[in-house]
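Shown next: model-v6.cif, containing mmCIF, C-alpha atoms.
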```
data_upload
#
loop_
_atom_site.label_atom_id
_atom_site.label_comp_id
_atom_site.auth_asym_id
_atom_site.auth_seq_id
_atom_site.Cartn_x
_atom_site.Cartn_y
_atom_site.Cartn_z
CA GLU A 73 0.00 0.00 0.00
CA GLU A 74 2.89 2.32 0.77
CA SER A 75 4.38 1.95 -2.75
CA GLN A 76 0.95 2.56 -4.27
CA ALA A 77 0.64 5.81 -2.31
CA THR A 78 4.12 6.83 -3.52
CA ASP A 79 3.15 6.07 -7.13
CA GLU A 80 0.02 8.23 -6.80
CA SER A 81 1.96 11.13 -5.32
CA VAL A 82 4.56 10.94 -8.09
CA SER A 83 1.88 10.83 -10.79
CA GLU A 84 0.30 13.95 -9.30
CA ASP A 85 3.60 15.80 -8.95
CA LYS A 86 3.54 18.89 -11.25
CA VAL A 87 7.16 18.39 -12.36
CA VAL A 88 6.52 14.76 -13.30
CA VAL A 89 3.32 15.68 -15.15
CA ASP A 90 5.14 18.45 -17.06
CA LEU A 91 8.00 16.11 -17.98
CA ASN A 92 5.56 13.45 -19.17
CA ALA A 93 3.81 16.04 -21.35
CA LYS A 94 7.16 17.15 -22.83
CA ILE A 95 8.15 13.55 -23.50
CA ALA A 96 4.83 12.93 -25.26
CA PHE A 97 5.32 16.09 -27.34
CA CYS A 98 8.84 15.04 -28.36
CA ASP A 99 7.61 11.56 -29.24
CA SER A 100 4.88 13.05 -31.46
CA ALA A 101 7.40 15.34 -33.13
CA LEU A 102 9.72 12.41 -33.86
CA GLN A 103 6.83 10.46 -35.36
CA LEU A 104 5.99 13.44 -37.58
CA LEU A 105 9.61 13.80 -38.72
CA HIS A 106 9.77 10.10 -39.49
CA ALA A 107 6.59 10.35 -41.57
CA VAL A 108 7.91 13.42 -43.44
CA ASN A 109 11.25 11.72 -44.15
CA ASN A 110 9.46 8.66 -45.48
CA SER A 111 7.24 10.79 -47.74
CA LEU A 112 10.07 12.28 -49.84
CA SER A 113 10.11 9.39 -52.31
CA ARG A 114 6.38 9.89 -52.95
CA ILE A 115 6.88 13.65 -53.30
CA CYS A 116 9.56 13.01 -55.95
CA GLU A 117 7.08 10.82 -57.84
CA MET A 118 4.48 13.58 -57.63
CA LEU A 119 6.96 16.06 -59.14
CA ARG A 120 6.85 13.94 -62.31
CA SER A 121 3.06 13.69 -62.32
CA ASP A 122 0.95 14.73 -65.29
CA THR A 123 -1.42 16.43 -62.84
CA MET A 124 -0.58 20.08 -62.35
CA GLY A 125 -1.87 20.10 -58.76
CA ASP A 126 0.41 17.22 -57.78
CA VAL A 127 3.47 19.06 -59.05
CA ILE A 128 2.57 22.39 -57.44
CA GLU A 129 1.73 20.83 -54.07
CA SER A 130 4.97 18.82 -54.20
CA LEU A 131 6.92 22.04 -54.69
CA ARG A 132 5.10 23.62 -51.75
CA PHE A 133 5.93 20.62 -49.61
CA LEU A 134 9.59 20.73 -50.60
CA SER A 135 9.80 24.42 -49.74
CA LYS A 136 8.62 23.70 -46.22
CA ALA A 137 10.70 20.52 -45.89
CA ILE A 138 13.84 22.45 -46.85
CA ARG A 139 13.03 25.10 -44.22
CA PHE A 140 12.84 22.33 -41.62
CA ASN A 141 16.12 20.81 -42.86
CA ILE A 142 14.50 17.50 -43.80
CA SER A 143 17.21 15.25 -45.16
CA GLY A 144 16.96 14.85 -48.93
CA ALA A 145 14.51 17.71 -49.48
CA ALA A 146 17.09 20.07 -50.99
CA SER A 147 18.40 17.48 -53.42
CA ALA A 148 14.82 16.56 -54.37
CA PHE A 149 14.14 20.21 -55.16
CA GLU A 150 17.38 20.51 -57.13
CA SER A 151 16.29 17.54 -59.24
CA ALA A 152 13.06 19.41 -60.00
CA LEU A 153 14.80 22.50 -61.40
CA SER A 154 14.13 21.30 -64.95
CA LEU A 155 10.49 22.25 -64.33
CA VAL A 156 11.57 25.80 -65.15
CA TRP A 157 11.01 24.75 -68.77
CA HIS A 158 7.62 23.13 -68.17
CA GLN A 159 4.97 23.93 -70.79
CA GLU A 160 2.44 24.77 -68.07
CA ALA A 161 3.03 28.34 -66.90
CA SER A 162 1.61 27.74 -63.42
CA ILE A 163 4.14 24.96 -62.79
CA THR A 164 7.00 27.19 -63.94
CA LYS A 165 5.66 29.93 -61.70
CA ALA A 166 5.40 27.54 -58.75
CA LEU A 167 8.99 26.43 -59.30
CA LEU A 168 10.22 30.03 -59.39
CA ALA A 169 8.25 30.88 -56.25
CA THR A 170 9.70 27.85 -54.47
CA PHE A 171 13.19 28.80 -55.65
CA SER A 172 12.71 32.30 -54.25
CA SER A 173 11.31 30.95 -51.01
CA VAL A 174 14.23 28.58 -50.52
CA TYR A 175 17.19 30.65 -51.69
CA ILE A 176 16.22 34.34 -51.65
CA CYS A 177 13.36 35.17 -49.28
CA ASP A 178 12.92 34.52 -45.61
CA SER A 179 9.26 33.66 -45.98
CA ASP A 180 7.08 31.33 -48.02
CA PHE A 181 5.50 32.65 -51.18
CA GLU A 182 1.84 32.08 -51.75
CA ILE A 183 1.68 30.20 -55.04
CA THR A 184 -1.46 31.08 -56.96
CA SER A 185 -2.29 30.75 -60.62
CA THR A 186 -3.44 34.36 -61.06
CA ASP A 187 -0.98 36.40 -58.99
CA ASP A 188 2.27 37.24 -60.78
CA SER A 189 3.79 39.34 -58.02
CA ASP A 190 6.61 38.40 -55.69
CA ILE A 191 4.52 39.06 -52.62
CA ASN A 192 4.05 36.40 -49.96
CA SER A 193 0.77 35.55 -48.25
CA HIS A 194 1.30 38.38 -45.75
CA GLY A 195 1.71 40.99 -48.50
CA THR A 196 5.40 41.64 -47.91
CA ILE A 197 8.75 40.32 -49.04
CA LYS A 198 11.44 39.71 -46.48
CA ARG A 199 14.62 38.92 -48.34
CA TYR A 200 17.59 37.25 -46.76
CA PRO A 201 20.63 39.51 -46.31
CA THR A 202 22.72 39.76 -49.48
CA GLU A 203 25.47 37.60 -48.01
CA VAL A 204 23.02 34.82 -47.19
CA ILE A 205 21.49 34.91 -50.68
CA ALA A 206 24.97 34.76 -52.22
CA MET A 207 25.96 31.82 -50.02
CA ASN A 208 22.70 30.00 -50.80
CA LEU A 209 23.29 30.40 -54.53
CA VAL A 210 26.94 29.34 -54.28
CA LYS A 211 25.87 26.19 -52.40
CA LEU A 212 23.24 25.50 -55.07
CA VAL A 213 25.73 25.88 -57.90
CA HIS A 214 28.22 23.69 -56.06
CA SER A 215 25.66 20.94 -55.48
CA CYS A 216 24.49 21.08 -59.11
CA CYS A 217 27.95 21.21 -60.70
CA ASN A 218 27.76 17.57 -61.84
CA ARG A 219 24.56 18.13 -63.81
CA ASN A 220 23.56 20.23 -66.76
CA GLY A 221 23.61 23.85 -65.63
CA GLY A 222 20.90 24.96 -68.05
CA GLU A 223 18.26 24.94 -65.34
CA LEU A 224 20.33 27.26 -63.18
CA VAL A 225 20.92 29.64 -66.07
CA SER A 226 17.20 29.73 -66.81
CA LEU A 227 16.34 30.52 -63.20
#
```
Once more with this new file: its structure as structure tokens, please.
Amino acid sequence: EESQATDESVSEDKVVVDLNAKIAFCDSALQLLHAVNNSLSRICEMLRSDTMGDVIESLRFLSKAIRFNISGAASAFESALSLVWHQEASITKALLATFSSVYICDSDFEITSTDDSDINSHGTIKRYPTEVIAMNLVKLVHSCCNRNGGELVSL
């Protein structure tokens, strides 16, 4: 009975309850990251889809995955740079918006089919400092140096 009373007092202890909540939060976050990491192969398939919505949503996903430093997201986006020559203007626009969001601006662009401006969903553009933009582009060129550079020139 004494150990049961101790267990009840520990389970009611505010510090223990807070720690259990933090552990549960971290466990949920790890499960989410695992799911996102496992989804990259499907996202890459969707980039090659004939459905415009699949391609655009895949680019949106990659933009966010790169911001969260999800392993493989940057290389998946780099492999999609050839979409700059896509016959569908909205896909080209989505690629350019994603490129800007990843390498130039410190905020996500709202990708719409009717808006041709460089304004994000909050109505403003917050560019990275010039040095950060330059470093981002140097890293991109370095990572793409083994492929055809035509996509980079077109961007």
query = So how far away is CA of Ser172 in chain A from CA of Ile142 in chain A, in Å?
reply =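 Rounded to one decimal, the two atoms are 18.2 Å apart.
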task = Enter the distance from CA of Leu209 in chain A to CA of Ser162 in chain A, in Å, rounded to one decimal.
result = 23.6 Å
Can you list, as a PDB file with C-alpha atoms, in the frame of the given file, the residues that the PyMOL selection byres ((chain A and resi 155) around 9) selects here?
```pdb
ATOM      1  CA  LEU A 119       6.960  16.060 -59.140  1.00  0.00           C
ATOM      2  CA  ALA A 152      13.060  19.410 -60.000  1.00  0.00           C
ATOM      3  CA  LEU A 153      14.800  22.500 -61.400  1.00  0.00           C
ATOM      4  CA  SER A 154      14.130  21.300 -64.950  1.00  0.00           C
ATOM      5  CA  VAL A 156      11.570  25.800 -65.150  1.00  0.00           C
ATOM      6  CA  TRP A 157      11.010  24.750 -68.770  1.00  0.00           C
ATOM      7  CA  HIS A 158       7.620  23.130 -68.170  1.00  0.00           C
ATOM      8  CA  GLN A 159       4.970  23.930 -70.790  1.00  0.00           C
ATOM      9  CA  ILE A 163       4.140  24.960 -62.790  1.00  0.00           C
ATOM     10  CA  THR A 164       7.000  27.190 -63.940  1.00  0.00           C
ATOM     11  CA  LEU A 167       8.990  26.430 -59.300  1.00  0.00           C
ATOM     12  CA  GLU A 223      18.260  24.940 -65.340  1.00  0.00           C
TER      13      GLU A 223
END
```
request  = For the structure shown, which residues end up in the PyMOL selection byres ((chain A and resi 113) around 12)? Put them as a VMD selection string, please?
outcome  = chain A and resid 107 to 112 114 to 120 130 134 143 to 145 147 to 149
task = In Å, rounded to a single decimal, give me how far CA of Thr170 in chain A is from CA of Phe133 in chain A.
result = 9.5 Å
task = May I ask which of the residues A:Ala206, A:Cys217, A:Met124, A:Ala96 is the closest one to Glu160 in chain A, counting all atoms listed in the file?
result =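 Ranked by minimum distance to Glu160 in chain A, first place goes to A:Met124.
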query = Pick the closest to Leu131 in chain A from A:Gln103, A:Asp178, A:Tyr200, A:Leu168: which is it, counting all atoms listed in the file?
reply = A:Leu168
query = Smallest atom-to-atom distance to Leu104 in chain A: which of A:Met207, A:Val213, A:Ala166, A:Ala137, using only C-alpha atoms?
reply =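 So, comparing all the options, the nearest one is A:Ala137.
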Please produce range 150-171 of chain A, completed to N, CA and C atoms, as a PDB file, keeping the file's coordinate frame.
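So result_6.pdb came out as:
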```pdb
ATOM      1  N   GLU A 150      16.392  20.277 -56.079  1.00  0.00           N
ATOM      2  CA  GLU A 150      17.380  20.510 -57.130  1.00  0.00           C
ATOM      3  C   GLU A 150      17.105  19.623 -58.346  1.00  0.00           C
ATOM      4  N   SER A 151      16.615  18.417 -58.104  1.00  0.00           N
ATOM      5  CA  SER A 151      16.290  17.540 -59.240  1.00  0.00           C
ATOM      6  C   SER A 151      15.054  18.014 -59.989  1.00  0.00           C
ATOM      7  N   ALA A 152      14.275  18.890 -59.358  1.00  0.00           N
ATOM      8  CA  ALA A 152      13.060  19.410 -60.000  1.00  0.00           C
ATOM      9  C   ALA A 152      13.306  20.705 -60.748  1.00  0.00           C
ATOM     10  N   LEU A 153      14.533  21.210 -60.752  1.00  0.00           N
ATOM     11  CA  LEU A 153      14.800  22.500 -61.400  1.00  0.00           C
ATOM     12  C   LEU A 153      14.484  22.501 -62.890  1.00  0.00           C
ATOM     13  N   SER A 154      14.467  21.345 -63.520  1.00  0.00           N
ATOM     14  CA  SER A 154      14.130  21.300 -64.950  1.00  0.00           C
ATOM     15  C   SER A 154      12.687  21.715 -65.204  1.00  0.00           C
ATOM     16  N   LEU A 155      11.869  21.781 -64.166  1.00  0.00           N
ATOM     17  CA  LEU A 155      10.490  22.250 -64.330  1.00  0.00           C
ATOM     18  C   LEU A 155      10.423  23.712 -64.753  1.00  0.00           C
ATOM     19  N   VAL A 156      11.559  24.406 -64.699  1.00  0.00           N
ATOM     20  CA  VAL A 156      11.570  25.800 -65.150  1.00  0.00           C
ATOM     21  C   VAL A 156      11.188  25.878 -66.628  1.00  0.00           C
ATOM     22  N   TRP A 157      11.360  24.781 -67.356  1.00  0.00           N
ATOM     23  CA  TRP A 157      11.010  24.750 -68.770  1.00  0.00           C
ATOM     24  C   TRP A 157       9.677  24.051 -69.028  1.00  0.00           C
ATOM     25  N   HIS A 158       8.891  23.838 -68.010  1.00  0.00           N
ATOM     26  CA  HIS A 158       7.620  23.130 -68.170  1.00  0.00           C
ATOM     27  C   HIS A 158       6.688  23.937 -69.061  1.00  0.00           C
ATOM     28  N   GLN A 159       5.884  23.248 -69.868  1.00  0.00           N
ATOM     29  CA  GLN A 159       4.970  23.930 -70.790  1.00  0.00           C
ATOM     30  C   GLN A 159       3.825  24.616 -70.059  1.00  0.00           C
ATOM     31  N   GLU A 160       3.516  24.161 -68.860  1.00  0.00           N
ATOM     32  CA  GLU A 160       2.440  24.770 -68.070  1.00  0.00           C
ATOM     33  C   GLU A 160       2.997  25.934 -67.268  1.00  0.00           C
ATOM     34  N   ALA A 161       2.504  27.130 -67.535  1.00  0.00           N
ATOM     35  CA  ALA A 161       3.030  28.340 -66.900  1.00  0.00           C
ATOM     36  C   ALA A 161       2.881  28.323 -65.378  1.00  0.00           C
ATOM     37  N   SER A 162       1.802  27.746 -64.874  1.00  0.00           N
ATOM     38  CA  SER A 162       1.610  27.740 -63.420  1.00  0.00           C
ATOM     39  C   SER A 162       2.636  26.847 -62.718  1.00  0.00           C
ATOM     40  N   ILE A 163       3.096  25.808 -63.380  1.00  0.00           N
ATOM     41  CA  ILE A 163       4.140  24.960 -62.790  1.00  0.00           C
ATOM     42  C   ILE A 163       5.470  25.697 -62.796  1.00  0.00           C
ATOM     43  N   THR A 164       5.776  26.383 -63.885  1.00  0.00           N
ATOM     44  CA  THR A 164       7.000  27.190 -63.940  1.00  0.00           C
ATOM     45  C   THR A 164       6.960  28.263 -62.854  1.00  0.00           C
ATOM     46  N   LYS A 165       5.821  28.892 -62.721  1.00  0.00           N
ATOM     47  CA  LYS A 165       5.660  29.930 -61.700  1.00  0.00           C
ATOM     48  C   LYS A 165       5.837  29.366 -60.297  1.00  0.00           C
ATOM     49  N   ALA A 166       5.270  28.191 -60.055  1.00  0.00           N
ATOM     50  CA  ALA A 166       5.400  27.540 -58.750  1.00  0.00           C
ATOM     51  C   ALA A 166       6.860  27.188 -58.466  1.00  0.00           C
ATOM     52  N   LEU A 167       7.566  26.737 -59.479  1.00  0.00           N
ATOM     53  CA  LEU A 167       8.990  26.430 -59.300  1.00  0.00           C
ATOM     54  C   LEU A 167       9.765  27.692 -58.946  1.00  0.00           C
ATOM     55  N   LEU A 168       9.512  28.775 -59.669  1.00  0.00           N
ATOM     56  CA  LEU A 168      10.220  30.030 -59.390  1.00  0.00           C
ATOM     57  C   LEU A 168       9.886  30.568 -58.006  1.00  0.00           C
ATOM     58  N   ALA A 169       8.631  30.433 -57.586  1.00  0.00           N
ATOM     59  CA  ALA A 169       8.250  30.880 -56.250  1.00  0.00           C
ATOM     60  C   ALA A 169       8.934  30.028 -55.186  1.00  0.00           C
ATOM     61  N   THR A 170       9.014  28.732 -55.417  1.00  0.00           N
ATOM     62  CA  THR A 170       9.700  27.850 -54.470  1.00  0.00           C
ATOM     63  C   THR A 170      11.180  28.183 -54.427  1.00  0.00           C
ATOM     64  N   PHE A 171      11.781  28.420 -55.584  1.00  0.00           N
ATOM     65  CA  PHE A 171      13.190  28.800 -55.650  1.00  0.00           C
ATOM     66  C   PHE A 171      13.429  30.069 -54.822  1.00  0.00           C
TER      67      PHE A 171
END
```
